[in-house]
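One file, data_13.txt, is given below (compact mmCIF, C-alpha atoms).
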# COMPACT_ATOMS: atom_id res chain seq x y z
CA MET K 1 -17.16 -108.87 -95.34
CA THR K 2 -17.12 -112.32 -96.97
CA HIS K 3 -13.80 -114.09 -97.06
CA PRO K 4 -13.03 -115.97 -100.29
CA GLU K 5 -12.68 -119.19 -98.28
CA THR K 6 -16.17 -118.74 -96.82
CA ALA K 7 -17.52 -118.25 -100.32
CA LYS K 8 -15.72 -121.40 -101.52
CA ALA K 9 -17.12 -123.42 -98.61
CA ALA K 10 -20.66 -122.16 -99.25
CA TRP K 11 -20.35 -122.91 -102.94
CA GLN K 12 -19.02 -126.43 -102.40
CA GLU K 13 -21.75 -127.12 -99.85
CA SER K 14 -24.40 -126.55 -102.54
CA ALA K 15 -25.33 -129.68 -104.51
CA ALA K 16 -23.07 -131.71 -102.19
CA GLY K 17 -25.48 -134.66 -102.38
CA ALA K 18 -25.74 -134.83 -106.19
CA ALA K 19 -25.40 -138.36 -107.58
CA PRO K 20 -24.35 -139.37 -111.10
CA PRO K 21 -27.00 -140.73 -113.51
CA ALA K 22 -27.28 -144.51 -113.91
CA LEU K 23 -24.82 -146.09 -116.33
CA ASP K 24 -27.66 -147.41 -118.51
CA THR K 25 -28.95 -143.85 -118.95
CA ILE K 26 -25.46 -142.72 -119.94
CA ARG K 27 -25.10 -145.52 -122.48
CA ALA K 28 -28.53 -144.73 -123.94
CA GLY K 29 -27.60 -141.05 -124.32
CA ALA K 30 -24.18 -141.78 -125.83
CA ASP K 31 -25.51 -142.15 -129.36
CA ARG K 32 -27.44 -138.89 -129.27
CA PHE K 33 -24.71 -136.93 -131.09
CA TYR K 34 -24.59 -139.42 -133.95
CA ARG K 35 -28.40 -139.59 -134.11
CA HIS K 36 -28.47 -135.78 -134.39
CA VAL K 37 -25.88 -135.78 -137.20
CA ARG K 38 -27.76 -138.53 -139.03
CA LEU K 39 -31.06 -136.63 -138.76
CA ARG K 40 -29.48 -133.38 -139.98
CA ASN K 41 -27.93 -135.18 -142.94
CA ARG K 42 -31.21 -136.86 -143.82
CA ILE K 43 -33.03 -133.51 -143.88
CA GLU K 44 -30.35 -131.95 -146.10
CA TYR K 45 -30.28 -134.91 -148.47
CA ALA K 46 -34.10 -134.95 -148.59
CA ALA K 47 -34.05 -131.29 -149.69
CA CYS K 48 -31.56 -132.18 -152.44
CA ALA K 49 -33.67 -135.20 -153.42
CA LEU K 50 -36.64 -132.87 -153.86
CA VAL K 51 -34.79 -130.31 -155.99
CA ILE K 52 -33.01 -132.78 -158.31
CA PRO K 53 -36.05 -134.57 -159.85
CA CYS K 54 -37.94 -131.27 -160.08
CA PHE K 55 -35.22 -129.48 -162.06
CA THR K 56 -34.37 -132.63 -164.05
CA LEU K 57 -37.97 -132.55 -165.28
CA TYR K 58 -37.50 -128.88 -166.24
CA THR K 59 -34.45 -129.81 -168.37
CA PHE K 60 -36.82 -131.86 -170.53
CA LEU K 61 -40.08 -129.95 -170.29
CA LEU K 62 -39.18 -126.25 -170.50
CA PRO K 63 -39.75 -124.81 -173.96
CA SER K 64 -36.63 -122.61 -173.97
CA PRO K 65 -33.28 -124.37 -174.59
CA VAL K 66 -31.45 -121.72 -172.50
CA ALA K 67 -33.84 -122.27 -169.58
CA ARG K 68 -33.31 -126.04 -169.97
CA ILE K 69 -29.53 -125.54 -169.70
CA GLY K 70 -30.22 -123.36 -166.62
CA ALA K 71 -32.30 -126.14 -165.03
CA PHE K 72 -29.52 -128.63 -165.78
CA LEU K 73 -26.99 -126.31 -164.09
CA VAL K 74 -29.25 -126.12 -161.01
CA VAL K 75 -29.21 -129.94 -160.86
CA VAL K 76 -25.39 -129.89 -161.10
CA ALA K 77 -25.24 -127.21 -158.37
CA THR K 78 -27.50 -129.28 -156.11
CA LEU K 79 -25.31 -132.36 -156.59
CA PHE K 80 -22.26 -130.23 -155.78
CA VAL K 81 -23.90 -128.85 -152.60
CA ALA K 82 -24.96 -132.39 -151.56
CA TRP K 83 -21.37 -133.55 -152.03
CA ARG K 84 -20.13 -130.61 -149.92
CA LEU K 85 -22.64 -131.42 -147.17
CA HIS K 86 -21.59 -135.06 -147.23
CA ARG K 87 -17.91 -134.15 -146.98
CA HIS K 88 -18.56 -131.61 -144.22
CA ALA K 89 -20.69 -134.10 -142.23
CA SER K 90 -18.00 -136.79 -142.49
CA ALA K 91 -15.45 -134.31 -141.10
CA ASP K 92 -17.53 -133.70 -137.92
CA ALA K 93 -15.41 -134.77 -134.98
CA PRO K 94 -17.25 -136.73 -132.29
CA PRO K 95 -17.69 -134.59 -129.15
CA GLU K 96 -15.37 -136.62 -126.94
CA VAL K 97 -12.37 -135.90 -129.19
CA GLU K 98 -13.07 -132.16 -129.05
CA ALA K 99 -13.89 -132.21 -125.36
CA ALA K 100 -10.46 -133.31 -124.17
CA ARG K 101 -8.73 -130.14 -125.42
CA PRO K 102 -8.05 -127.22 -123.08
CA LEU K 103 -11.07 -124.93 -122.85
CA ILE K 104 -9.61 -122.03 -124.76
CA GLU K 105 -8.56 -124.26 -127.69
CA HIS K 106 -11.93 -126.00 -127.68
CA GLN K 107 -13.77 -122.68 -127.65
CA ARG K 108 -11.56 -121.28 -130.40
CA GLY K 109 -12.00 -124.41 -132.51
CA GLN K 110 -15.77 -124.16 -132.21
CA LEU K 111 -15.82 -120.47 -133.08
CA VAL K 112 -13.49 -120.96 -136.07
CA ARG K 113 -15.70 -123.76 -137.36
CA GLN K 114 -18.83 -121.64 -137.03
CA ARG K 115 -17.12 -118.63 -138.60
CA ASP K 116 -15.89 -120.64 -141.59
CA ALA K 117 -19.31 -122.22 -142.07
CA LEU K 118 -21.00 -118.78 -142.04
CA ALA K 119 -18.38 -117.10 -144.23
CA SER K 120 -18.60 -119.85 -146.84
CA VAL K 121 -22.38 -119.86 -147.20
CA GLY K 122 -22.22 -117.48 -150.16
CA ARG K 123 -19.39 -119.29 -151.91
CA TRP K 124 -20.54 -122.89 -151.44
CA TYR K 125 -24.32 -122.74 -151.07
CA LEU K 126 -25.53 -119.65 -152.97
CA LEU K 127 -23.01 -119.00 -155.77
CA PRO K 128 -23.27 -122.51 -157.32
CA PHE K 129 -26.96 -121.86 -158.02
CA ALA K 130 -26.38 -118.43 -159.59
CA PRO K 131 -25.54 -119.53 -163.19
CA GLY K 132 -28.45 -121.98 -163.42
CA MET K 133 -31.02 -119.70 -161.82
CA GLY K 134 -29.69 -116.74 -163.85
CA LEU K 135 -30.06 -118.62 -167.13
CA MET K 136 -33.54 -119.83 -166.21
CA MET K 137 -34.76 -116.37 -165.29
CA PHE K 138 -33.05 -114.46 -168.10
CA ALA K 139 -33.65 -117.10 -170.80
CA PRO K 140 -35.82 -114.76 -172.93
CA ALA K 141 -33.15 -112.02 -172.78
CA VAL K 142 -30.34 -114.46 -173.67
CA GLU K 143 -32.35 -115.77 -176.63
CA ARG K 144 -33.88 -112.54 -177.97
CA GLY K 145 -31.80 -109.73 -176.44
CA LEU K 146 -33.55 -106.53 -175.47
CA ARG K 147 -36.88 -107.70 -176.90
CA GLY K 148 -36.72 -110.80 -174.68
CA LEU K 149 -35.89 -108.65 -171.68
CA ARG K 150 -39.01 -106.57 -172.35
CA GLU K 151 -41.06 -109.76 -172.74
CA MET K 152 -40.10 -110.78 -169.21
CA GLY K 153 -42.41 -107.98 -168.04
CA MET K 154 -42.77 -106.43 -164.63
CA GLY K 155 -43.58 -109.80 -162.96
CA GLY K 156 -40.36 -111.38 -164.22
CA MET K 157 -38.29 -108.40 -163.09
CA ILE K 158 -39.85 -108.43 -159.63
CA ALA K 159 -39.11 -112.18 -159.33
CA VAL K 160 -35.46 -111.53 -160.29
CA ALA K 161 -35.23 -108.61 -157.84
CA ILE K 162 -36.67 -110.69 -155.00
CA MET K 163 -34.24 -113.53 -155.75
CA VAL K 164 -31.24 -111.17 -155.81
CA ILE K 165 -32.30 -109.31 -152.64
CA VAL K 166 -32.98 -112.50 -150.67
CA SER K 167 -29.70 -114.14 -151.76
CA THR K 168 -27.65 -110.99 -151.07
CA GLY K 169 -29.43 -110.57 -147.73
CA ILE K 170 -28.62 -114.13 -146.65
CA TRP K 171 -25.02 -113.68 -147.77
CA TRP K 172 -24.65 -110.36 -145.94
CA LEU K 173 -26.24 -111.63 -142.70
CA ASN K 174 -23.92 -114.63 -142.69
CA LEU K 175 -20.86 -112.47 -143.34
CA ARG K 176 -21.89 -110.12 -140.54
CA ALA K 177 -22.28 -113.05 -138.13
CA ALA K 178 -18.87 -114.39 -139.26
CA ARG K 179 -17.29 -110.99 -138.52
CA LYS K 180 -18.77 -111.03 -135.00
CA LEU K 181 -17.30 -114.48 -134.43
CA GLN K 182 -13.94 -113.25 -135.72
CA LYS K 183 -14.01 -110.60 -132.99
CA ALA K 184 -14.55 -113.33 -130.37
CA ILE K 185 -11.67 -115.36 -131.90
CA ASP K 186 -9.37 -112.31 -131.78
CA ASP K 187 -10.27 -111.88 -128.12
CA LEU K 188 -9.40 -115.50 -127.36
CA ASP K 189 -6.09 -115.08 -129.19
CA ALA K 190 -5.41 -112.00 -127.10
CA LEU K 191 -6.08 -114.11 -123.99
CA ALA K 192 -3.58 -116.71 -125.13
CA ASP K 193 -1.03 -113.89 -125.51
CA ASN K 194 -1.72 -112.91 -121.91
CA ARG K 195 -3.54 -109.70 -122.80
CA ILE K 196 -6.90 -109.01 -121.22
CA PRO K 197 -9.30 -108.41 -124.09
CA ASP K 198 -12.70 -106.80 -124.12
CA GLU K 199 -14.60 -110.04 -124.75
CA GLY K 200 -17.72 -110.16 -126.88
CA MET T 201 -7.71 -156.41 -124.35
CA ASP T 202 -11.04 -157.48 -125.91
CA GLN T 203 -13.84 -154.98 -126.36
CA ARG T 204 -15.92 -156.23 -123.44
CA ALA T 205 -12.99 -156.02 -121.00
CA GLN T 206 -12.12 -152.56 -122.34
CA MET T 207 -15.74 -151.48 -121.81
CA SER T 208 -15.75 -152.70 -118.22
CA VAL T 209 -12.52 -150.81 -117.48
CA GLN T 210 -14.09 -147.71 -119.03
CA ASP T 211 -17.25 -148.23 -116.94
CA ALA T 212 -15.24 -148.66 -113.76
CA ARG T 213 -13.08 -145.57 -114.34
CA TYR T 214 -16.09 -143.48 -115.27
CA GLY T 215 -18.09 -144.80 -112.28
CA GLU T 216 -15.39 -143.84 -109.84
CA ALA T 217 -14.86 -140.36 -111.33
CA ALA T 218 -18.61 -139.75 -111.67
CA ARG T 219 -19.24 -140.54 -108.01
CA ARG T 220 -16.36 -138.31 -106.94
CA PHE T 221 -17.21 -135.36 -109.19
CA ALA T 222 -21.03 -135.57 -109.43
CA PRO T 223 -21.61 -132.65 -107.02
CA ALA T 224 -18.97 -130.50 -108.81
CA ILE T 225 -20.55 -131.32 -112.20
CA GLU T 226 -23.98 -130.37 -110.84
CA ARG T 227 -22.62 -127.03 -109.54
CA LEU T 228 -20.81 -126.38 -112.79
CA ALA T 229 -24.02 -127.04 -114.75
CA ARG T 230 -25.85 -124.61 -112.45
CA GLY T 231 -23.23 -122.02 -113.33
CA TYR T 232 -23.91 -122.45 -117.05
CA GLU T 233 -27.65 -123.11 -117.18
CA ALA T 234 -30.30 -121.50 -114.98
CA ASP T 235 -33.25 -123.41 -116.45
CA PRO T 236 -33.72 -126.63 -114.38
CA GLU T 237 -34.95 -128.73 -117.35
CA LEU T 238 -32.09 -127.69 -119.61
CA ARG T 239 -29.67 -128.10 -116.72
CA ARG T 240 -30.72 -131.75 -116.25
CA ASP T 241 -29.98 -132.30 -119.96
CA LEU T 242 -26.64 -130.54 -119.63
CA VAL T 243 -25.63 -132.67 -116.62
CA GLN T 244 -26.49 -135.82 -118.55
CA GLU T 245 -24.61 -134.56 -121.61
CA ILE T 246 -21.52 -133.96 -119.46
CA HIS T 247 -21.72 -137.45 -117.96
CA VAL T 248 -22.11 -138.99 -121.42
CA ALA T 249 -19.02 -137.12 -122.67
CA LEU T 250 -17.15 -138.13 -119.54
CA TRP T 251 -18.05 -141.80 -119.96
CA ARG T 252 -16.94 -141.73 -123.60
CA SER T 253 -13.74 -139.91 -122.69
CA PHE T 254 -12.62 -142.66 -120.32
CA ALA T 255 -12.20 -144.92 -123.34
CA TYR T 256 -9.06 -142.97 -124.24
CA PHE T 257 -7.92 -141.27 -121.03
CA GLU T 258 -4.33 -142.32 -120.48
CA GLY T 259 -3.16 -139.86 -117.86
CA GLN T 260 -2.65 -136.96 -120.34
CA CYS T 261 -3.25 -134.70 -117.31
CA SER T 262 -4.56 -135.26 -113.78
CA GLU T 263 -7.96 -136.96 -113.58
CA ARG T 264 -9.39 -133.88 -111.89
CA SER T 265 -8.22 -131.56 -114.71
CA TRP T 266 -9.54 -134.07 -117.27
CA VAL T 267 -13.01 -134.17 -115.71
CA TYR T 268 -13.24 -130.37 -115.45
CA ARG T 269 -12.00 -129.94 -119.03
CA ILE T 270 -14.63 -132.29 -120.40
CA ALA T 271 -17.36 -130.79 -118.23
CA HIS T 272 -16.51 -127.16 -119.10
CA ASN T 273 -16.10 -127.88 -122.81
CA VAL T 274 -19.51 -129.54 -123.01
CA SER T 275 -20.97 -126.61 -121.04
CA VAL T 276 -19.30 -123.99 -123.24
CA SER T 277 -20.74 -125.67 -126.35
CA HIS T 278 -24.13 -125.58 -124.60
CA LEU T 279 -23.67 -121.89 -123.74
CA ILE T 280 -22.62 -120.96 -127.30
CA ALA T 281 -25.63 -122.80 -128.76
CA ARG T 282 -27.97 -121.12 -126.28
CA ARG T 283 -26.55 -117.65 -126.97
CA ARG T 284 -27.19 -118.20 -130.68
CA ARG T 285 -30.87 -118.67 -129.81
CA LYS T 286 -31.10 -115.99 -127.12
CA ALA T 287 -28.60 -113.16 -126.96
CA GLU T 288 -27.83 -111.96 -123.42
CA ARG T 289 -25.58 -109.24 -122.13
CA LEU T 290 -22.66 -110.71 -120.20
CA ALA T 291 -20.06 -108.82 -118.17
CA GLY T 292 -16.36 -109.24 -117.47
CA LEU T 293 -14.98 -109.59 -113.93
CA ASP T 294 -13.71 -106.02 -114.23
CA GLU T 295 -17.28 -104.77 -114.75
CA VAL T 296 -18.84 -106.60 -111.78
CA ASP T 297 -18.67 -104.58 -108.55
CA THR T 298 -20.37 -106.84 -106.03
CA ILE T 299 -21.57 -110.37 -105.49
CA ALA T 300 -25.23 -109.47 -105.75
CA GLY T 301 -28.32 -111.50 -106.37
CA PRO T 302 -32.00 -111.61 -105.58
CA ASP T 303 -32.53 -112.29 -101.87
CA ASP T 304 -34.07 -115.75 -101.70
CA PRO T 305 -36.51 -116.01 -98.75
CA GLU T 306 -36.54 -119.80 -99.27
CA ALA T 307 -32.84 -120.10 -98.47
CA GLU T 308 -32.68 -121.49 -94.93
CA THR T 309 -29.02 -120.84 -94.19
CA ASP T 310 -26.41 -118.17 -94.78
CA GLN T 311 -24.42 -120.75 -96.76
CA LYS T 312 -27.34 -121.14 -99.16
CA ARG T 313 -27.80 -117.40 -99.45
CA ILE T 314 -24.13 -116.94 -100.30
CA ALA T 315 -24.26 -119.80 -102.83
CA ASN T 316 -27.36 -118.27 -104.47
CA ARG T 317 -25.71 -114.87 -104.79
CA LEU T 318 -22.55 -116.42 -106.16
CA LEU T 319 -24.64 -118.24 -108.74
CA ALA T 320 -26.49 -115.06 -109.76
CA THR T 321 -23.13 -113.33 -110.23
CA ILE T 322 -21.66 -116.26 -112.19
CA HIS T 323 -24.62 -116.16 -114.60
CA ARG T 324 -23.71 -112.58 -115.49
CA LEU T 325 -20.11 -113.38 -116.42
CA LYS T 326 -18.58 -113.86 -119.85
CA PRO T 327 -17.52 -117.46 -120.59
CA THR T 328 -13.81 -117.19 -119.76
CA ASP T 329 -14.34 -115.31 -116.51
CA ARG T 330 -17.16 -117.71 -115.64
CA GLN T 331 -14.87 -120.70 -116.16
CA VAL T 332 -12.14 -119.28 -113.95
CA MET T 333 -14.59 -118.31 -111.20
CA LEU T 334 -16.26 -121.74 -111.21
CA LEU T 335 -12.90 -123.51 -111.05
CA TYR T 336 -11.66 -121.15 -108.33
CA LEU T 337 -14.74 -121.85 -106.22
CA GLU T 338 -14.09 -125.59 -106.66
CA ASP T 339 -10.70 -124.91 -105.04
CA LEU T 340 -8.49 -125.61 -108.05
CA SER T 341 -5.04 -124.04 -107.87
CA ALA T 342 -3.98 -121.36 -110.38
CA ALA T 343 -1.81 -123.96 -112.15
CA GLU T 344 -4.74 -126.39 -112.41
CA ILE T 345 -7.02 -123.63 -113.71
CA GLY T 346 -4.40 -122.89 -116.37
CA GLU T 347 -4.23 -126.59 -117.26
CA VAL T 348 -8.00 -126.87 -117.63
CA THR T 349 -8.62 -123.61 -119.46
CA GLY T 350 -5.44 -123.24 -121.50
CA LEU T 351 -5.13 -119.63 -120.24
CA SER T 352 -1.66 -118.31 -119.56
CA ALA T 353 -0.48 -118.07 -115.94
CA GLY T 354 -0.71 -114.27 -116.13
CA ALA T 355 -4.29 -114.27 -117.41
CA VAL T 356 -5.34 -116.72 -114.66
CA ALA T 357 -3.55 -114.66 -111.99
CA VAL T 358 -5.30 -111.42 -113.04
CA ARG T 359 -8.68 -113.13 -112.91
CA ILE T 360 -8.07 -114.78 -109.55
CA HIS T 361 -6.99 -111.42 -108.15
CA ARG T 362 -10.25 -109.86 -109.37
CA ILE T 363 -12.32 -112.75 -107.98
CA LYS T 364 -10.65 -112.48 -104.57
CA ALA T 365 -11.28 -108.74 -104.50
CA LEU T 366 -14.90 -109.31 -105.47
CA LEU T 367 -15.41 -111.98 -102.82
CA SER T 368 -13.87 -109.76 -100.15
CA ARG T 369 -16.54 -107.10 -100.65
CA PRO T 370 -19.85 -107.35 -98.77
CA PHE T 371 -22.46 -109.43 -100.63
CA GLN T 372 -25.44 -107.43 -101.81
CA PRO T 373 -29.07 -108.52 -101.88
CA GLY T 374 -31.19 -107.02 -104.61
CA GLU T 375 -32.20 -107.54 -108.17
CA ILE T 376 -29.63 -108.08 -110.89
CA ASP T 377 -29.90 -106.09 -114.08
CA PRO T 378 -30.73 -108.53 -116.87
For the file at hand, write its structure as structure tokens.
Amino acid sequence: MTHPETAKAAWQESAAGAAPPALDTIRAGADRFYRHVRLRNRIEYAACALVIPCFTLYTFLLPSPVARIGAFLVVVATLFVAWRLHRHASADAPPEVEAARPLIEHQRGQLVRQRDALASVGRWYLLPFAPGMGLMMFAPAVERGLRGLREMGMGGMIAVAIMVIVSTGIWWLNLRAARKLQKAIDDLDALADNRIPDEG
Amino acid sequence: MDQRAQMSVQDARYGEAARRFAPAIERLARGYEADPELRRDLVQEIHVALWRSFAYFEGQCSERSWVYRIAHNVSVSHLIARRRRKAERLAGLDEVDTIAGPDDPEAETDQKRIANRLLATIHRLKPTDRQVMLLYLEDLSAAEIGEVTGLSAGAVAVRIHRIKALLSRPFQPGEIDP
């Protein structure tokens, strides 16, 4: 039989000699969060910087006017996504602001943020590219109707199918992950209401 | 107050709290992260957050609750990020029957054996139950646990009751199901 007080004493005895890190180490580590955010932003902006000149070139070089409009729309979509990323990154709260909230609020806040980010992937990061990519891929059909569609051939159709399947797959996986997070949020809400949930 | 003076007040408040709570932070990090390398990072991350937090701590709650709040919140973020990379099956207090863990032949004392088994059990728990158990073992009162976690008094009481029942049963050596 182990009394709870014995367990507490044994637990508190462990790591009793632990010392805090030196203040210089703490100060050096304090900027890590901001460095991480800056690096993430740079990668995302670099991806945009790669797409924009590429598709801007297409708007001048592609032979089909419809495909050129499509390429232009992809550039607009990329600028829109970059603006969204910029706005989202600026809204990131530094960790110390978040960390002072009670655990359950902090946890809920984190889960809600992740859920919203996952649920909005389709709307904010996939859908904006749909008109441009659609026009580029279906340019022959838009210009020449059924004959153009036939001219796209099997290769063109497979490319379209792959694009649709991959985009839908990404969308679906993100929605599924968002639903799982919603379950965890519901459980936390149940906790706040003093019910004991079956946590996920 | 100029920035330098403010910084030295922040350093002094952090220094005092860090010395007082360093062992508790280390134990808490053990409860959240089994990997020693990652645990070192987590401990440092907690201390960094704590140092930053003393720039704006104005007695919103007791210093003890403040430190545990910061430490647990950083650890929960760590746990959520890790579970995104590696899913693991976690249990609720109601599903855990005994304080069981692998028998460590290296542990020289009964105290160490008990602490090791407690740790193995804590690693199996879902985040909320884990938080309450860690805070209970640090001897926080039910009211303080409620203040740190934001759980209602009823939810804390149910969990403490389950923890007490669990700790009153004989500890079991043996492997834990992953």
Å distance separating atom CA of T:Ala222 from atom CA of T:Arg317, one decimal place: 21.7 Å
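For the residues T:Leu366, T:Ala355, T:Ile360, T:Leu242, ranking by smallest atom-to-atom distance to chain K using only C-alpha atoms places T:Ala355 first.
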Separation of atom CA of T:Ala315 from atom CA of T:Arg219, in Å and rounded to one decimal: 22.0 Å
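Near stretch 322-336 of chain T, within 6 Å and counting all atoms listed in the file, sit T:Leu290, T:Ala291, T:Gly292, T:Leu319, T:Asp339, T:Leu340; same-chain residues fewer than 3 positions away were not included.
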Restrict the selected residues to C-alpha atoms and save them as a CSV table (one decimal), in the coordinates of the input.
chain,number,residue,atom,x,y,z
T,290,LEU,CA,-22.7,-110.7,-120.2
T,291,ALA,CA,-20.1,-108.8,-118.2
T,292,GLY,CA,-16.4,-109.2,-117.5
T,319,LEU,CA,-24.6,-118.2,-108.7
T,339,ASP,CA,-10.7,-124.9,-105.0
T,340,LEU,CA,-8.5,-125.6,-108.0
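The protein and nucleic acid residues lying at most 10 Å from stretch 124-129 of chain K are Gly70, Ala71, Leu73, Val74, Val75, Val76, Ala77, Thr78, Phe80, Val81, Ala82, Arg84, Leu85, Ala117, Ala119, Ser120, Met133, Gly134, Ser167, Thr168, Ile170 and Trp171 of chain K, with only C-alpha atoms considered and sequence neighbours fewer than 4 positions away removed.
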Polymer residues at most 10 Å from T:Ala217, all atoms listed in the file, same-chain spacing of 3 or more positions, as an NGL selection string: (:K and (20)) or (:T and (211-214 or 220-222 or 247 or 250-251 or 254 or 263-264 or 267))
Within-12 Å shell of (-16.5, -117.1, -102.2) in input frame, all atoms listed in the file, as a PyMOL selection string: (chain K and resi 1-13) or (chain T and resi 298-299+311-319+321-322+333-339+360+362-371)
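The interatomic distance for the pair atom CA of K:Phe55 and atom CA of K:Phe72 works out to 6.9 Å.
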Within 12 Å of K:Arg176 using only C-alpha atoms, minus same-chain residues under 4 positions, as an MDAnalysis selection string: chainID K and resid 115 118:119 121 169:172 180:183
Print the selection's residues with C-alpha atoms to a file, as a short mmCIF file (atom, residue, chain, number, x, y, z; two decimals), keeping the file's coordinate frame.
data_model
loop_
_atom_site.label_atom_id
_atom_site.label_comp_id
_atom_site.auth_asym_id
_atom_site.auth_seq_id
_atom_site.Cartn_x
_atom_site.Cartn_y
_atom_site.Cartn_z
CA ARG K 115 -17.12 -118.63 -138.60
CA LEU K 118 -21.00 -118.78 -142.04
CA ALA K 119 -18.38 -117.10 -144.23
CA VAL K 121 -22.38 -119.86 -147.20
CA GLY K 169 -29.43 -110.57 -147.73
CA ILE K 170 -28.62 -114.13 -146.65
CA TRP K 171 -25.02 -113.68 -147.77
CA TRP K 172 -24.65 -110.36 -145.94
CA LYS K 180 -18.77 -111.03 -135.00
CA LEU K 181 -17.30 -114.48 -134.43
CA GLN K 182 -13.94 -113.25 -135.72
CA LYS K 183 -14.01 -110.60 -132.99
#
For chain K, the nearest of the candidates T:Asp235, T:Glu216, T:Glu295, T:Glu226, counting only C-alpha atoms: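 Once distances to chain K are computed over only C-alpha atoms, the minimum belongs to T:Glu226.
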Option closest in space to T:Ser277, from K:Leu111, K:Ile26, K:Val166, K:Ile43 [counting only C-alpha atoms]: K:Leu111
Selected residue of minimal separation from chain T among K:Ile104, K:Ile165, K:Val51, K:Met136, counting all atoms listed in the file: K:Ile104
Ref. answer, residues at most 9 Å from (-32.9, -125.9, -169.5) with all atoms listed in the file, as a list in words: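 With a cut-off of 9 Å, the residues come to Phe55, Thr56, Tyr58, Thr59, Phe60, Leu61, Leu62, Pro63, Ser64, Pro65, Val66, Ala67, Arg68, Ile69, Gly70, Ala71, Phe72, Leu73, Gly132, Leu135, Met136 and Ala139 of chain K.
The shortest atom-to-atom distance to chain T, with all atoms listed in the file taken into account, belongs to K:His106 out of K:Pro53, K:Gly153, K:His106, K:Asn41.
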